[in-house]
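Participant: What follows is a structure written as C-alpha cells; I'll ask about it next.
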There are 2 protein chains.
Amino acid sequence: MYYMSAAFDLPQIEPDGFERADAARNRERILCAARRLFDERGAGCVSMDEIAEAAGVGKGTLFRRFGSRASLAAAVLSERERDLQEAIIRGEPPLGPGAPACERLIAFGEALLDMLDTHSELLLAAETGPARFEHPAYRVHRLHVVLLLAEADPDCDSEMLAETLLAALGAELFIYLRRARGISLARLKEAWREQISRTLVAAEPV
Amino acid sequence: MYYMSAAFDLPQIEPDGFERADAARNRERILCAARRLFDERGAGCVSMDEIAEAAGVGKGTLFRRFGSRASLAAAVLSERERDLQEAIIRGEPPLGPGAPACERLIAFGEALLDMLDTHSELLLAAETGPARFEHPAYRVHRLHVVLLLAEADPDCDSEMLAETLLAALGAELFIYLRRARGISLARLKEAWREQISRTLVAAEPV
DNA sequence: CACCCAATCGGACCATGGTCCGGTTAGTAA
DNA sequence: TTACTAACCGGACCATGGTCCGATTGGGTG
C-alpha cells in the first residue's frame with residue numbers, strides 16, 4: 001500500500017451527517033429503481049422521468065439527490081467501482097500490490113476493460129459531461145496509473161501519460177470498437193498490453 | 001503519396017448532383033451565421049434555434065441540411081480540416097511526405113493540438129454523438145496514423161494503436177487539461193512526442 | 001403533546017436538440 | 001406562358017435533461 005486509501009474514497013453516496021428518514025427512503029428507492037431499469041432496458045434507453053416515476057418520487061427529488069444523469073449512473077456503478085478499488089489496494093497481484101508496476105498497469109487496464117464489457121452503457125452515461133475528469137472514481141484511476149508509471153519509469157511524464165493512457169479506456173471508444181467494429185475483448189486487452197509494454201520498455205535496461 | 005487522396009475526401013458539404021437555388025442560398029446563409037455566432041460567443045453558447053434565426057431560416061431547414069449540431073460544427077470546421085489534410089498529403093515534411101514515419105506522427109499530433117488550441121469548442125461540438133468515429137475527418141486521421149504506425153513498425157497492431165493514440169487527442173480531454181488543469185500547449189505537445197517515441201522506440205534496433 | 005423551522009418533496013416549468021408535414025417554390029416540359 | 005412535380009421550406013410539435021418554488025413533513029424543543 002503505497003498510498004492511504006482513505007483520501008481517495010468513493011463519491012459519497014452516503015450523506016454527510018444526518019439524513020431525514022424520508023430522504024433516506026427516497027434515495028434507496030431511486031437507486032433501486034435506476035438499477036432495475038438500467039439493467040432491464042440498457043442505460044441509454046431510460047429517461048430520468050421514468051426513473052422518478054418507477055421510484056415513486058418527483059423529478060425534483062431525483063435531481064436534488066443525484067444532481068445529474070451522469071452522477072446517478074456513477075452512483076449505480078459505485079458498488080462495482082468499490083470492488084475494483086478494493087482489488088487494487090488490497091487484492092491479489094498482479095492487480096493488487098506485490099507485482100511489478102508494469103504488470104499491475106496491464107492488470108488494471110484489463111480489469112477496467114472487463115468492467116466496460118459488462119457495464120459499457122452505464123459507464124458511458126457516467127462519462128458524459130465536463131465533470132467526468134473530476135469524478136472521484138476517475139481521480140482514483142488516474143492517481144493509480146500515475147504512481148505505477150512513475151514507479152516503472154521515474155523519467156517519464158507520468159501525469160500526462162496517465163491521462164492519455166486512460167483516454168484509451170473511455171467508454172465511447174470501447175463501445176464503438178466492440179459494436180461497430182466488432183473487435184473482441186481479447187484483442188482490446190492485447191492492445192492495452194502492447195501499449196503499456198511499449199510505453200515502459202524504454203525504462204528497462206536493454 | 002502512399003495513398004490516393006480522392007477516396008478519403010472531406011465530408012461533402014457540397015451537394016451530390018444538383019441543388020436548387022434557394023437551397024444553395026440557405027446553406028450558405030446557415031454556414032455563414034453559424035461561423036459568426038460560434039466565433040463571437042463560443043460554440044458551447046449558441047443554440048440551433050439562434051443559428052436558424054440568425055440565418056433567416058426555419059429550424060427544419062437547418063436540420064435537414066446538416067442533420068445534427070455535431071455535423072454542423074464539422075461543416076464549419078471543414079475548411080481547417082481541408083488545410084490539415086492538404087498539408088498531410090502534399091505539404092512540407094515532417095507533416096507532409098518525406099520525413100520518417102515517427103516524425104510525421106509527431107508532427108501530425110502537434111498539428112492536431114494546434115487546431116484544438118484554436119477551435120477546441122467547435123471540435124468538442126463536432127465530437128459529440130456516436131457518429132464521431134464514422135466521420136470522414138476522423139477516418140482520414142485514423143488511416144493516416146495507421147499507415148504511419150505500420151510503416152514505422154510492421155510488427156505492431158497499428159489499427160488498435162491508432163485508435164487509442166487518437167483518443168489522447170480528443171477535444172474533451174484537451175479542454176479539461178488546458179482549462180481545468182492549466183497545462184500548457186507546449187507540455188501537451190511534449191507529452192505526445194514522448195508517447196509516440198516510446199511507442200515506436202521498440203522498433204528501432206538498439 | 002403542541003409548536004416550529006429547516007429540510008425535503010414534487011410537479012409545473014424551461015431550454016434545447018431533433019422531427020414532421022402541409023404549404024410553397026424552383027426548374028422543366030409542352 | 002402555363003402547368004406540373006419534385007424538392008424544399010419553416011414553424012408547430014415532441015422528448016428529455018435540468019431548474020424552481022410553494023406546499024409538506026420530519027423531528028428537535030419547551
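Letters for chains follow the order of the C-alpha cells (A, B, ...), residue numbers begin at 1 for each chain, and ligand numbers begin at 1 in the order shown.
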I need the contact residues of chain D against chain A, so if you could list those with any atom within 12 Å, counting only C-alpha atoms (C1' of nucleotides), and return them as a compact mmCIF listing (two decimals) with all heavy atoms, in the first residue's frame, that would help.
Facilitator:
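New file result.txt:
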```txt
# COMPACT_ATOMS: atom_id res chain seq x y z
P DA D 15 -43.40 12.76 -27.12
OP1 DA D 15 -43.79 11.36 -27.32
OP2 DA D 15 -44.13 13.60 -26.14
O5' DA D 15 -41.86 12.78 -26.74
C5' DA D 15 -40.90 12.40 -27.72
C4' DA D 15 -39.51 12.43 -27.12
O4' DA D 15 -39.02 13.81 -27.10
C3' DA D 15 -39.43 11.93 -25.68
O3' DA D 15 -38.21 11.21 -25.55
C2' DA D 15 -39.45 13.21 -24.85
C1' DA D 15 -38.76 14.22 -25.76
N9 DA D 15 -39.25 15.59 -25.67
C8 DA D 15 -40.55 15.99 -25.51
N7 DA D 15 -40.70 17.30 -25.48
C5 DA D 15 -39.40 17.78 -25.64
C6 DA D 15 -38.88 19.08 -25.70
N6 DA D 15 -39.62 20.18 -25.61
N1 DA D 15 -37.54 19.22 -25.84
C2 DA D 15 -36.79 18.12 -25.94
N3 DA D 15 -37.17 16.84 -25.90
C4 DA D 15 -38.50 16.74 -25.75
P DT D 16 -37.86 10.45 -24.14
OP1 DT D 16 -37.09 9.25 -24.47
OP2 DT D 16 -39.10 10.37 -23.33
O5' DT D 16 -36.88 11.49 -23.46
C5' DT D 16 -35.80 12.02 -24.21
C4' DT D 16 -35.06 13.03 -23.39
O4' DT D 16 -35.67 14.34 -23.55
C3' DT D 16 -35.05 12.76 -21.88
O3' DT D 16 -33.77 13.05 -21.38
C2' DT D 16 -36.06 13.76 -21.35
C1' DT D 16 -35.76 14.94 -22.28
N1 DT D 16 -36.78 15.98 -22.31
C2 DT D 16 -36.39 17.30 -22.47
O2 DT D 16 -35.24 17.62 -22.59
N3 DT D 16 -37.41 18.20 -22.47
C4 DT D 16 -38.76 17.94 -22.32
O4 DT D 16 -39.58 18.84 -22.33
C5 DT D 16 -39.11 16.55 -22.15
C7 DT D 16 -40.53 16.16 -21.98
C6 DT D 16 -38.12 15.65 -22.15
P DG D 17 -33.16 12.23 -20.13
OP1 DG D 17 -32.46 11.06 -20.64
OP2 DG D 17 -34.21 12.06 -19.11
O5' DG D 17 -32.10 13.27 -19.59
C5' DG D 17 -31.18 13.84 -20.50
C4' DG D 17 -30.80 15.23 -20.05
O4' DG D 17 -31.91 16.13 -20.29
C3' DG D 17 -30.48 15.34 -18.57
O3' DG D 17 -29.39 16.25 -18.40
C2' DG D 17 -31.76 15.90 -17.97
C1' DG D 17 -32.28 16.79 -19.10
N9 DG D 17 -33.73 16.96 -19.11
C8 DG D 17 -34.67 15.97 -19.08
N7 DG D 17 -35.90 16.43 -19.11
C5 DG D 17 -35.75 17.80 -19.17
C6 DG D 17 -36.72 18.83 -19.22
O6 DG D 17 -37.95 18.73 -19.22
N1 DG D 17 -36.15 20.09 -19.26
C2 DG D 17 -34.80 20.34 -19.27
N2 DG D 17 -34.43 21.62 -19.31
N3 DG D 17 -33.88 19.39 -19.22
C4 DG D 17 -34.42 18.15 -19.17
P DG D 18 -28.71 16.40 -16.96
OP1 DG D 18 -27.32 16.81 -17.18
OP2 DG D 18 -29.00 15.22 -16.14
O5' DG D 18 -29.49 17.65 -16.37
C5' DG D 18 -29.35 18.91 -17.05
C4' DG D 18 -30.31 19.91 -16.45
O4' DG D 18 -31.66 19.55 -16.77
C3' DG D 18 -30.26 20.06 -14.92
O3' DG D 18 -29.87 21.39 -14.62
C2' DG D 18 -31.67 19.75 -14.47
C1' DG D 18 -32.47 20.06 -15.73
N9 DG D 18 -33.78 19.42 -15.77
C8 DG D 18 -34.05 18.08 -15.78
N7 DG D 18 -35.33 17.81 -15.82
C5 DG D 18 -35.94 19.06 -15.83
C6 DG D 18 -37.31 19.41 -15.87
O6 DG D 18 -38.28 18.68 -15.88
N1 DG D 18 -37.48 20.79 -15.87
C2 DG D 18 -36.47 21.71 -15.83
N2 DG D 18 -36.83 23.00 -15.84
N3 DG D 18 -35.19 21.40 -15.81
C4 DG D 18 -34.99 20.06 -15.81
P DT D 19 -29.80 21.93 -13.12
OP1 DT D 19 -28.61 22.80 -13.05
OP2 DT D 19 -29.96 20.80 -12.20
O5' DT D 19 -31.09 22.87 -13.00
C5' DT D 19 -31.31 23.85 -14.00
C4' DT D 19 -32.48 24.75 -13.61
O4' DT D 19 -33.73 24.02 -13.74
C3' DT D 19 -32.44 25.27 -12.17
O3' DT D 19 -32.89 26.63 -12.18
C2' DT D 19 -33.44 24.36 -11.45
C1' DT D 19 -34.47 24.11 -12.54
N1 DT D 19 -35.25 22.84 -12.42
C2 DT D 19 -36.62 22.88 -12.45
O2 DT D 19 -37.25 23.91 -12.56
N3 DT D 19 -37.23 21.66 -12.36
C4 DT D 19 -36.62 20.42 -12.24
O4 DT D 19 -37.28 19.39 -12.16
C5 DT D 19 -35.18 20.45 -12.21
C7 DT D 19 -34.41 19.17 -12.07
C6 DT D 19 -34.56 21.65 -12.30
P DC D 20 -32.65 27.55 -10.85
OP1 DC D 20 -31.95 28.76 -11.29
OP2 DC D 20 -32.07 26.72 -9.77
O5' DC D 20 -34.15 27.94 -10.46
C5' DC D 20 -35.21 27.38 -11.22
C4' DC D 20 -36.54 27.83 -10.65
O4' DC D 20 -37.40 26.68 -10.55
C3' DC D 20 -36.49 28.43 -9.24
O3' DC D 20 -37.55 29.33 -9.10
C2' DC D 20 -36.64 27.18 -8.37
C1' DC D 20 -37.61 26.33 -9.19
N1 DC D 20 -37.37 24.87 -9.06
C2 DC D 20 -38.46 23.98 -9.11
O2 DC D 20 -39.59 24.43 -9.26
N3 DC D 20 -38.21 22.65 -9.00
C4 DC D 20 -36.96 22.20 -8.86
N4 DC D 20 -36.79 20.88 -8.76
C5 DC D 20 -35.85 23.09 -8.80
C6 DC D 20 -36.09 24.41 -8.89
P DC D 21 -37.48 30.49 -7.96
OP1 DC D 21 -37.64 31.80 -8.65
OP2 DC D 21 -36.32 30.25 -7.07
O5' DC D 21 -38.81 30.20 -7.15
C5' DC D 21 -40.01 29.90 -7.87
C4' DC D 21 -40.99 29.16 -6.98
O4' DC D 21 -40.64 27.75 -6.93
C3' DC D 21 -40.99 29.63 -5.52
O3' DC D 21 -42.32 29.56 -5.02
C2' DC D 21 -40.13 28.59 -4.81
C1' DC D 21 -40.54 27.34 -5.58
N1 DC D 21 -39.57 26.23 -5.50
C2 DC D 21 -40.03 24.91 -5.63
O2 DC D 21 -41.23 24.73 -5.82
N3 DC D 21 -39.14 23.90 -5.57
C4 DC D 21 -37.83 24.14 -5.37
N4 DC D 21 -37.00 23.13 -5.31
C5 DC D 21 -37.35 25.49 -5.23
C6 DC D 21 -38.24 26.49 -5.30
P DT D 24 -50.01 21.42 1.37
OP1 DT D 24 -51.12 20.52 0.97
OP2 DT D 24 -50.21 22.52 2.35
O5' DT D 24 -48.81 20.50 1.87
C5' DT D 24 -48.17 19.60 0.95
C4' DT D 24 -47.08 18.83 1.68
O4' DT D 24 -45.94 19.70 1.88
C3' DT D 24 -47.46 18.30 3.06
O3' DT D 24 -47.12 16.93 3.11
C2' DT D 24 -46.63 19.14 4.03
C1' DT D 24 -45.41 19.46 3.17
N1 DT D 24 -44.66 20.69 3.55
C2 DT D 24 -43.31 20.58 3.79
O2 DT D 24 -42.70 19.54 3.72
N3 DT D 24 -42.69 21.77 4.11
C4 DT D 24 -43.29 23.01 4.22
O4 DT D 24 -42.63 24.00 4.52
C5 DT D 24 -44.70 23.05 3.95
C7 DT D 24 -45.45 24.34 4.04
C6 DT D 24 -45.32 21.90 3.63
P DT D 25 -47.70 16.00 4.28
OP1 DT D 25 -48.22 14.77 3.64
OP2 DT D 25 -48.56 16.83 5.16
O5' DT D 25 -46.38 15.61 5.06
C5' DT D 25 -45.18 15.35 4.34
C4' DT D 25 -44.00 15.36 5.28
O4' DT D 25 -43.51 16.72 5.45
C3' DT D 25 -44.31 14.86 6.70
O3' DT D 25 -43.20 14.14 7.18
C2' DT D 25 -44.48 16.14 7.48
C1' DT D 25 -43.36 16.96 6.84
N1 DT D 25 -43.44 18.43 7.06
C2 DT D 25 -42.27 19.13 7.25
O2 DT D 25 -41.18 18.62 7.24
N3 DT D 25 -42.44 20.48 7.44
C4 DT D 25 -43.64 21.16 7.46
O4 DT D 25 -43.67 22.38 7.65
C5 DT D 25 -44.82 20.36 7.27
C7 DT D 25 -46.16 21.01 7.29
C6 DT D 25 -44.67 19.04 7.08
P DG D 26 -43.36 12.75 7.91
OP1 DG D 26 -43.61 11.69 6.94
OP2 DG D 26 -44.30 12.98 9.02
O5' DG D 26 -41.90 12.57 8.50
C5' DG D 26 -40.79 12.70 7.62
C4' DG D 26 -39.63 13.36 8.34
O4' DG D 26 -39.91 14.78 8.52
C3' DG D 26 -39.34 12.81 9.74
O3' DG D 26 -37.93 12.72 9.89
C2' DG D 26 -39.95 13.83 10.68
C1' DG D 26 -39.80 15.13 9.90
N9 DG D 26 -40.84 16.11 10.14
C8 DG D 26 -42.19 15.92 10.08
N7 DG D 26 -42.88 17.00 10.32
C5 DG D 26 -41.92 17.97 10.54
C6 DG D 26 -42.07 19.35 10.85
O6 DG D 26 -43.10 20.00 10.98
N1 DG D 26 -40.83 19.97 11.01
C2 DG D 26 -39.62 19.36 10.88
N2 DG D 26 -38.55 20.13 11.07
N3 DG D 26 -39.46 18.08 10.59
C4 DG D 26 -40.66 17.45 10.44
P DG D 27 -37.28 11.75 10.92
OP1 DG D 27 -35.99 11.30 10.38
OP2 DG D 27 -38.31 10.76 11.31
O5' DG D 27 -36.98 12.70 12.16
C5' DG D 27 -36.13 13.82 11.95
C4' DG D 27 -36.22 14.79 13.12
O4' DG D 27 -37.41 15.61 13.01
C3' DG D 27 -36.31 14.13 14.51
O3' DG D 27 -35.54 14.89 15.39
C2' DG D 27 -37.78 14.28 14.85
C1' DG D 27 -38.02 15.66 14.27
N9 DG D 27 -39.41 16.04 14.11
C8 DG D 27 -40.47 15.22 13.84
N7 DG D 27 -41.61 15.86 13.75
C5 DG D 27 -41.28 17.19 13.97
C6 DG D 27 -42.08 18.34 13.99
O6 DG D 27 -43.30 18.43 13.81
N1 DG D 27 -41.33 19.49 14.26
C2 DG D 27 -39.97 19.51 14.46
N2 DG D 27 -39.42 20.70 14.69
N3 DG D 27 -39.21 18.44 14.44
C4 DG D 27 -39.92 17.31 14.19
```
Participant: Just the residues within 10 Å of Ser158 (chain B), please, counting only C-alpha atoms (C1' of nucleotides), with nothing from its chain fewer than 2 positions along; format it as a ChimeraX atom specification.
Facilitator: /A:191 /B:142-143,145-156,160-164
Participant: Those same residues - all heavy atoms - I'd like them written as a short mmCIF file (atom, residue, chain, number, x, y, z; two decimals), in the first residue's frame.
Facilitator:
```cif
data_model
loop_
_atom_site.label_atom_id
_atom_site.label_comp_id
_atom_site.auth_asym_id
_atom_site.auth_seq_id
_atom_site.Cartn_x
_atom_site.Cartn_y
_atom_site.Cartn_z
N ALA A 191 -4.19 -5.19 -27.05
CA ALA A 191 -3.72 -3.87 -27.47
C ALA A 191 -3.27 -3.04 -26.27
O ALA A 191 -2.26 -2.33 -26.33
CB ALA A 191 -4.82 -3.14 -28.23
N ARG B 142 -7.41 8.61 -38.74
CA ARG B 142 -7.11 7.23 -38.34
C ARG B 142 -6.28 6.51 -39.38
O ARG B 142 -5.26 5.90 -39.07
CB ARG B 142 -8.42 6.48 -38.12
CG ARG B 142 -8.23 5.01 -37.88
CD ARG B 142 -9.52 4.37 -37.42
NE ARG B 142 -10.63 4.59 -38.35
CZ ARG B 142 -11.90 4.50 -38.00
NH1 ARG B 142 -12.23 4.21 -36.76
NH2 ARG B 142 -12.84 4.69 -38.88
N LEU B 143 -6.70 6.62 -40.62
CA LEU B 143 -5.95 5.93 -41.68
C LEU B 143 -4.51 6.44 -41.74
O LEU B 143 -3.57 5.65 -41.88
CB LEU B 143 -6.65 6.14 -43.02
CG LEU B 143 -5.95 5.45 -44.19
CD1 LEU B 143 -5.97 3.94 -43.99
CD2 LEU B 143 -6.60 5.82 -45.52
N VAL B 145 -2.71 7.70 -39.36
CA VAL B 145 -1.94 7.18 -38.22
C VAL B 145 -1.67 5.68 -38.39
O VAL B 145 -0.57 5.20 -38.12
CB VAL B 145 -2.67 7.47 -36.90
CG1 VAL B 145 -1.96 6.78 -35.73
CG2 VAL B 145 -2.75 8.97 -36.67
N VAL B 146 -2.67 4.95 -38.85
CA VAL B 146 -2.48 3.51 -39.06
C VAL B 146 -1.32 3.26 -40.02
O VAL B 146 -0.43 2.44 -39.76
CB VAL B 146 -3.78 2.87 -39.62
CG1 VAL B 146 -3.49 1.48 -40.17
CG2 VAL B 146 -4.84 2.78 -38.54
N LEU B 147 -1.34 3.97 -41.12
CA LEU B 147 -0.30 3.74 -42.13
C LEU B 147 1.08 4.13 -41.63
O LEU B 147 2.07 3.42 -41.86
CB LEU B 147 -0.64 4.50 -43.41
CG LEU B 147 -1.89 3.97 -44.14
CD1 LEU B 147 -2.29 4.89 -45.28
CD2 LEU B 147 -1.63 2.57 -44.67
N LEU B 148 1.15 5.23 -40.91
CA LEU B 148 2.45 5.66 -40.39
C LEU B 148 2.97 4.67 -39.34
O LEU B 148 4.17 4.35 -39.32
CB LEU B 148 2.35 7.06 -39.79
CG LEU B 148 2.20 8.20 -40.80
CD1 LEU B 148 2.02 9.53 -40.09
CD2 LEU B 148 3.42 8.26 -41.73
N LEU B 149 2.06 4.19 -38.48
CA LEU B 149 2.48 3.21 -37.47
C LEU B 149 2.98 1.94 -38.13
O LEU B 149 4.03 1.40 -37.75
CB LEU B 149 1.31 2.88 -36.53
CG LEU B 149 0.96 3.93 -35.47
CD1 LEU B 149 -0.34 3.55 -34.77
CD2 LEU B 149 2.09 4.07 -34.45
N ALA B 150 2.24 1.49 -39.13
CA ALA B 150 2.64 0.26 -39.81
C ALA B 150 3.98 0.44 -40.51
O ALA B 150 4.79 -0.48 -40.57
CB ALA B 150 1.56 -0.16 -40.81
N GLU B 151 4.18 1.64 -41.02
CA GLU B 151 5.45 1.90 -41.70
C GLU B 151 6.60 1.93 -40.70
O GLU B 151 7.68 1.39 -40.96
CB GLU B 151 5.36 3.25 -42.44
CG GLU B 151 6.59 3.57 -43.28
CD GLU B 151 6.49 4.98 -43.88
OE1 GLU B 151 5.34 5.47 -44.03
OE2 GLU B 151 7.55 5.57 -44.17
N ALA B 152 6.34 2.54 -39.55
CA ALA B 152 7.42 2.67 -38.57
C ALA B 152 7.71 1.34 -37.89
O ALA B 152 8.85 1.08 -37.50
CB ALA B 152 7.02 3.72 -37.52
N ASP B 153 6.71 0.53 -37.73
CA ASP B 153 6.91 -0.75 -37.04
C ASP B 153 5.90 -1.77 -37.55
O ASP B 153 4.78 -1.86 -37.03
CB ASP B 153 6.74 -0.55 -35.53
CG ASP B 153 7.00 -1.86 -34.79
OD1 ASP B 153 7.20 -2.90 -35.46
OD2 ASP B 153 7.01 -1.84 -33.54
N PRO B 154 6.29 -2.54 -38.53
CA PRO B 154 5.36 -3.50 -39.16
C PRO B 154 4.83 -4.55 -38.17
O PRO B 154 3.82 -5.19 -38.45
CB PRO B 154 6.22 -4.16 -40.23
CG PRO B 154 7.35 -3.21 -40.48
CD PRO B 154 7.61 -2.54 -39.17
N ASP B 155 5.50 -4.70 -37.03
CA ASP B 155 5.06 -5.73 -36.09
C ASP B 155 3.93 -5.27 -35.18
O ASP B 155 3.34 -6.09 -34.47
CB ASP B 155 6.25 -6.16 -35.21
CG ASP B 155 7.28 -6.92 -36.02
OD1 ASP B 155 6.88 -7.50 -37.05
OD2 ASP B 155 8.45 -6.89 -35.65
N CYS B 156 3.65 -3.98 -35.14
CA CYS B 156 2.67 -3.51 -34.17
C CYS B 156 1.24 -3.70 -34.68
O CYS B 156 1.01 -3.86 -35.87
CB CYS B 156 2.91 -2.04 -33.83
SG CYS B 156 2.35 -0.89 -35.10
N MET B 160 -5.25 -0.89 -33.84
CA MET B 160 -5.64 -0.62 -32.48
C MET B 160 -4.84 0.54 -31.89
O MET B 160 -5.39 1.41 -31.22
CB MET B 160 -5.45 -1.87 -31.62
CG MET B 160 -6.38 -3.01 -31.95
SD MET B 160 -8.09 -2.53 -31.73
CE MET B 160 -8.02 -1.95 -30.04
N LEU B 161 -3.56 0.55 -32.14
CA LEU B 161 -2.74 1.62 -31.58
C LEU B 161 -3.19 2.98 -32.10
O LEU B 161 -3.22 3.97 -31.36
CB LEU B 161 -1.26 1.39 -31.94
CG LEU B 161 -0.47 0.51 -30.98
CD1 LEU B 161 0.97 0.36 -31.46
CD2 LEU B 161 -0.48 1.11 -29.58
N ALA B 162 -3.56 3.03 -33.37
CA ALA B 162 -4.03 4.30 -33.93
C ALA B 162 -5.26 4.78 -33.17
O ALA B 162 -5.37 5.96 -32.81
CB ALA B 162 -4.37 4.12 -35.41
N GLU B 163 -6.16 3.87 -32.92
CA GLU B 163 -7.40 4.24 -32.24
C GLU B 163 -7.12 4.78 -30.84
O GLU B 163 -7.66 5.82 -30.44
CB GLU B 163 -8.28 2.99 -32.15
CG GLU B 163 -9.71 3.22 -32.43
CD GLU B 163 -10.04 3.35 -33.91
OE1 GLU B 163 -9.78 2.42 -34.70
OE2 GLU B 163 -10.58 4.40 -34.27
N THR B 164 -6.28 4.10 -30.11
CA THR B 164 -6.03 4.54 -28.74
C THR B 164 -5.16 5.80 -28.69
O THR B 164 -5.35 6.65 -27.83
CB THR B 164 -5.37 3.42 -27.90
OG1 THR B 164 -4.18 2.99 -28.55
CG2 THR B 164 -6.31 2.23 -27.79
#
```
Participant: Would you compute the distance between CA of Glu127 (chain A) and CA of Gly42 (chain B)? Give it in Å to one decimal.
Facilitator: 22.8 Å
Participant: Report as JSON, numbers by chain: the residues of region 1-202 of chain B with a DSSP assignment of helix (DSSP H, G or I), based on the backbone of this structure.
Facilitator: {"B": [6, 7, 8, 21, 22, 23, 24, 25, 26, 27, 28, 29, 30, 31, 32, 33, 34, 35, 36, 37, 38, 39, 40, 41, 43, 44, 45, 48, 49, 50, 51, 52, 53, 54, 59, 60, 61, 62, 63, 64, 65, 66, 69, 70, 71, 72, 73, 74, 75, 76, 77, 78, 79, 80, 81, 82, 83, 84, 85, 86, 87, 88, 89, 90, 101, 102, 103, 104, 105, 106, 107, 108, 109, 110, 111, 112, 113, 114, 115, 116, 117, 118, 119, 120, 121, 122, 123, 124, 125, 126, 130, 131, 132, 133, 134, 136, 137, 138, 139, 140, 141, 142, 143, 144, 145, 146, 147, 148, 149, 150, 151, 152, 158, 159, 160, 161, 162, 163, 164, 165, 166, 167, 171, 172, 173, 174, 175, 176, 177, 178, 179, 180, 185, 186, 187, 188, 189, 190, 191, 192, 193, 194, 195, 196, 197, 198, 199, 200, 201]}
Participant: Using only C-alpha atoms (C1' of nucleotides), I'd like every residue of chain C that has an atom within 9 Å of chain A; please write them out as a ChimeraX atom specification.
Facilitator: /C:7-11
Participant: Can you list, as a PyMOL selection string, every protein, DNA or RNA residue that comes within 12 Å of Ala137 (chain B) when you count only C-alpha atoms (C1' of nucleotides), leaving out same-chain residues fewer than 3 positions away?
Facilitator: chain B and resi 8-12+71+74-75+77-85+112+123+126-127+131-134+140-144
Participant: Provide the CA of Ala180 (chain B) to CA of Asp39 (chain B) distance in Å, to one decimal place.
Facilitator: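 Distance between the two atoms: 21.6 Å.
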Participant: Grab the CA of Ile30 (chain A) to CA of Ala55 (chain A) distance for me, in Å with one decimal place.
Facilitator: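 Going from CA of Ile30 (chain A) over to CA of Ala55 (chain A), I get 5.1 Å.
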Participant: Enumerate, in order of chain and increasing residue number, the residues of chain A with an atom no farther than 9 Å from chain B, each with its shortest atom pair and distance in Å to one decimal, counting only C-alpha atoms, as CSV.
Facilitator:
```
residue,atom,partner,partner_atom,distance
A:Pro130,CA,B:Glu172,CA,7.6
A:Phe133,CA,B:Tyr176,CA,7.5
A:Cys156,CA,B:Glu194,CA,8.2
A:Asp157,CA,B:Ala191,CA,7.1
A:Met160,CA,B:Ala191,CA,6.3
A:Leu161,CA,B:Ala191,CA,6.9
A:Glu163,CA,B:Ala168,CA,7.8
A:Thr164,CA,B:Ala168,CA,4.7
A:Leu165,CA,B:Ala168,CA,7.2
A:Leu166,CA,B:Ala168,CA,8.4
A:Ala167,CA,B:Ala167,CA,5.6
A:Ala168,CA,B:Thr164,CA,4.7
A:Leu169,CA,B:Thr164,CA,8.1
A:Gly170,CA,B:Ala167,CA,8.3
A:Glu172,CA,B:Pro130,CA,7.6
A:Leu173,CA,B:Ala167,CA,7.8
A:Tyr176,CA,B:Phe133,CA,7.5
A:Leu177,CA,B:Glu163,CA,8.8
A:Arg187,CA,B:Met160,CA,8.6
A:Leu188,CA,B:Met160,CA,7.7
A:Ala191,CA,B:Met160,CA,6.3
A:Trp192,CA,B:Leu161,CA,8.7
A:Glu194,CA,B:Cys156,CA,8.2
A:Gln195,CA,B:Thr199,CA,6.9
A:Ile196,CA,B:Thr199,CA,8.8
A:Ser197,CA,B:Thr199,CA,8.7
A:Arg198,CA,B:Thr199,CA,5.0
A:Thr199,CA,B:Arg198,CA,5.0
A:Leu200,CA,B:Arg198,CA,7.4
A:Val201,CA,B:Ala202,CA,7.4
A:Ala202,CA,B:Arg198,CA,6.7
A:Val206,CA,B:Val206,CA,8.0
```
Participant: Name the residues in contact with DC3 (chain C) at a cut-off of 12 Å, using only C-alpha atoms (C1' of nucleotides), excluding same-chain residues fewer than 5 positions from it; report them as a list in words.
Facilitator: DG27, DG28, DT29 and DG30 of chain D
Participant: Could you list, as a PyMOL selection string, every residue within 12 Å of DA6 (chain D), counting only C-alpha atoms (C1' of nucleotides) and ignoring same-chain residues fewer than 3 positions away?
Facilitator: (chain B and resi 20) or (chain C and resi 25-28)
Participant: Counting only C-alpha atoms, which residue out of B:Arg41, B:His135, B:Arg193, B:Arg65 sits closest to Ile106 (chain B)?
Facilitator: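 Between B:Arg41, B:His135, B:Arg193, B:Arg65, the residue approaching Ile106 (chain B) most closely is B:Arg193.
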